[in-house]
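Everything below belongs to work_28.pdb, which stores PDB, C-alpha atoms.
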```
ATOM      1  CA  MET F   1     -53.657 113.904  -2.666  1.00  0.00           C
ATOM      2  CA  ASN F   2     -53.387 112.203  -5.928  1.00  0.00           C
ATOM      3  CA  ILE F   3     -52.104 108.655  -6.471  1.00  0.00           C
ATOM      4  CA  THR F   4     -48.775 109.852  -7.911  1.00  0.00           C
ATOM      5  CA  ALA F   5     -47.926 111.780  -4.740  1.00  0.00           C
ATOM      6  CA  VAL F   6     -48.816 108.755  -2.589  1.00  0.00           C
ATOM      7  CA  ALA F   7     -46.626 106.529  -4.750  1.00  0.00           C
ATOM      8  CA  ILE F   8     -43.682 108.944  -4.509  1.00  0.00           C
ATOM      9  CA  VAL F   9     -44.010 109.197  -0.720  1.00  0.00           C
ATOM     10  CA  ALA F  10     -44.190 105.409  -0.436  1.00  0.00           C
ATOM     11  CA  ILE F  11     -41.068 104.954  -2.602  1.00  0.00           C
ATOM     12  CA  VAL F  12     -39.143 107.568  -0.615  1.00  0.00           C
ATOM     13  CA  CYS F  13     -40.131 105.918   2.699  1.00  0.00           C
ATOM     14  CA  TRP F  14     -39.161 102.501   1.342  1.00  0.00           C
ATOM     15  CA  ALA F  15     -35.765 103.868   0.210  1.00  0.00           C
ATOM     16  CA  ILE F  16     -35.099 105.376   3.642  1.00  0.00           C
ATOM     17  CA  VAL F  17     -35.946 102.090   5.382  1.00  0.00           C
ATOM     18  CA  GLU F  18     -33.699 100.128   3.010  1.00  0.00           C
ATOM     19  CA  LEU F  19     -30.796 102.528   3.522  1.00  0.00           C
ATOM     20  CA  THR F  20     -30.998 102.321   7.300  1.00  0.00           C
ATOM     21  CA  ASN F  21     -31.388  98.529   7.342  1.00  0.00           C
ATOM     22  CA  GLY F  22     -28.682  98.053   4.743  1.00  0.00           C
ATOM     23  CA  SER F  23     -25.999  99.601   6.964  1.00  0.00           C
ATOM     24  CA  LYS F  24     -27.004  97.309   9.834  1.00  0.00           C
ATOM     25  CA  ALA F  25     -26.707  94.255   7.599  1.00  0.00           C
ATOM     26  CA  LYS F  26     -23.233  95.311   6.463  1.00  0.00           C
ATOM     27  CA  LYS F  27     -22.093  95.653  10.075  1.00  0.00           C
ATOM     28  CA  LYS F  28     -23.403  92.178  10.858  1.00  0.00           C
ATOM     29  CA  ASN F  29     -21.627  90.795   7.803  1.00  0.00           C
ATOM     30  CA  LYS F  30     -18.321  92.318   8.924  1.00  0.00           C
ATOM     31  CA  VAL F  31     -18.691  90.765  12.371  1.00  0.00           C
ATOM     32  CA  THR F  32     -19.629  87.415  10.848  1.00  0.00           C
ATOM     33  CA  LEU F  33     -16.656  87.523   8.490  1.00  0.00           C
ATOM     34  CA  GLN F  34     -14.324  88.299  11.386  1.00  0.00           C
ATOM     35  CA  GLN F  35     -15.742  85.425  13.422  1.00  0.00           C
ATOM     36  CA  ASP F  36     -15.404  83.095  10.436  1.00  0.00           C
ATOM     37  CA  ALA F  37     -11.765  84.094  10.024  1.00  0.00           C
ATOM     38  CA  GLU F  38     -11.083  83.481  13.720  1.00  0.00           C
ATOM     39  CA  LEU F  39     -12.761  80.078  13.575  1.00  0.00           C
ATOM     40  CA  ALA F  40     -10.822  79.139  10.440  1.00  0.00           C
ATOM     41  CA  GLN F  41      -7.568  80.064  12.213  1.00  0.00           C
ATOM     42  CA  GLN F  42      -8.527  77.975  15.242  1.00  0.00           C
ATOM     43  CA  VAL F  43      -9.318  75.005  13.018  1.00  0.00           C
ATOM     44  CA  ALA F  44      -5.964  75.366  11.255  1.00  0.00           C
ATOM     45  CA  ASP F  45      -4.171  75.511  14.626  1.00  0.00           C
ATOM     46  CA  LEU F  46      -6.025  72.441  15.872  1.00  0.00           C
ATOM     47  CA  LYS F  47      -5.182  70.520  12.701  1.00  0.00           C
ATOM     48  CA  ALA F  48      -1.506  71.316  13.216  1.00  0.00           C
ATOM     49  CA  ARG F  49      -1.694  70.120  16.823  1.00  0.00           C
ATOM     50  CA  ILE F  50      -3.442  66.911  15.794  1.00  0.00           C
ATOM     51  CA  GLU F  51      -0.753  66.219  13.189  1.00  0.00           C
ATOM     52  CA  THR F  52       1.913  66.658  15.847  1.00  0.00           C
ATOM     53  CA  LEU F  53       0.089  64.357  18.257  1.00  0.00           C
ATOM     54  CA  GLU F  54      -0.336  61.736  15.536  1.00  0.00           C
ATOM     55  CA  LYS F  55       3.388  61.835  14.839  1.00  0.00           C
ATOM     56  CA  ILE F  56       4.153  61.356  18.526  1.00  0.00           C
ATOM     57  CA  VAL F  57       1.674  58.522  19.027  1.00  0.00           C
ATOM     58  CA  THR F  58       2.743  56.634  15.916  1.00  0.00           C
ATOM     59  CA  ASP F  59       6.418  56.960  16.797  1.00  0.00           C
ATOM     60  CA  GLU F  60       8.018  53.645  17.792  1.00  0.00           C
ATOM     61  CA  LYS F  61       9.785  55.220  20.773  1.00  0.00           C
ATOM     62  CA  TYR F  62       6.463  56.403  22.176  1.00  0.00           C
ATOM     63  CA  ASP F  63       5.082  52.869  22.066  1.00  0.00           C
ATOM     64  CA  LEU F  64       8.269  51.543  23.663  1.00  0.00           C
ATOM     65  CA  HIS F  65       8.028  54.067  26.511  1.00  0.00           C
ATOM     66  CA  ARG F  66       4.409  53.070  27.036  1.00  0.00           C
ATOM     67  CA  GLN F  67       5.370  49.432  27.261  1.00  0.00           C
ATOM     68  CA  PHE F  68       8.093  50.262  29.808  1.00  0.00           C
ATOM     69  CA  ASP F  69       5.568  52.250  31.861  1.00  0.00           C
ATOM     70  CA  ASP F  70       3.158  49.313  31.768  1.00  0.00           C
ATOM     71  CA  LEU F  71       5.932  46.987  32.939  1.00  0.00           C
ATOM     72  CA  LYS F  72       6.812  49.348  35.788  1.00  0.00           C
ATOM     73  CA  LYS F  73       3.181  49.421  36.890  1.00  0.00           C
ATOM     74  CA  ASP F  74       3.047  45.592  36.832  1.00  0.00           C
ATOM     75  CA  LYS F  75       6.295  45.414  38.829  1.00  0.00           C
ATOM     76  CA  VAL F  76       4.980  47.710  41.553  1.00  0.00           C
ATOM     77  CA  ALA F  77       1.684  45.865  41.855  1.00  0.00           C
TER      78      ALA F  77
END
```
In structure tokens, write the structure found in this file.
Amino acid sequence: MNITAVAIVAIVCWAIVELTNGSKAKKKNKVTLQQDAELAQQVADLKARIETLEKIVTDEKYDLHRQFDDLKKDKVA
């Protein structure tokens, strides 16, 4: 065999390997993108919950109820 034939066979084999591995990488990327989207949604949901909890905790009525509960505990003891 001459060098040109060897080079052509090597290029064709390399192209086949790249084509088969390329489809696997695309599938992994799709899965990763889906997981990233799910995680981003969970983070957004958690941020909304934290904002709600902060509003409740910083509310004056919440603090007043806590003080009443503390007084009730002291009264029982």
Please report, as lines of an AutoDock Vina configuration file, the centre and edge lengths in Å to one decimal of an axis-aligned box covering all listed atoms of range 38-56 of chain F with 3 Å per side.
```
center_x = -4.3
center_y = 72.4
center_z = 14.5
size_x = 22.9
size_y = 28.1
size_z = 14.1
```
How many Å lie between CA of Ala7 in chain F and CA of Thr20 in chain F, rounded to one decimal?
20.2 Å
Tell me, in Å to one decimal, how far CA of Gln67 in chain F is from CA of Arg49 in chain F.
24.2 Å
Just how far from CA of Asn29 in chain F is CA of Lys47 in chain F, in Å to one decimal?
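Straight-line distance from CA of Lys47 in chain F to CA of Asn29 in chain F works out to 26.6 Å.
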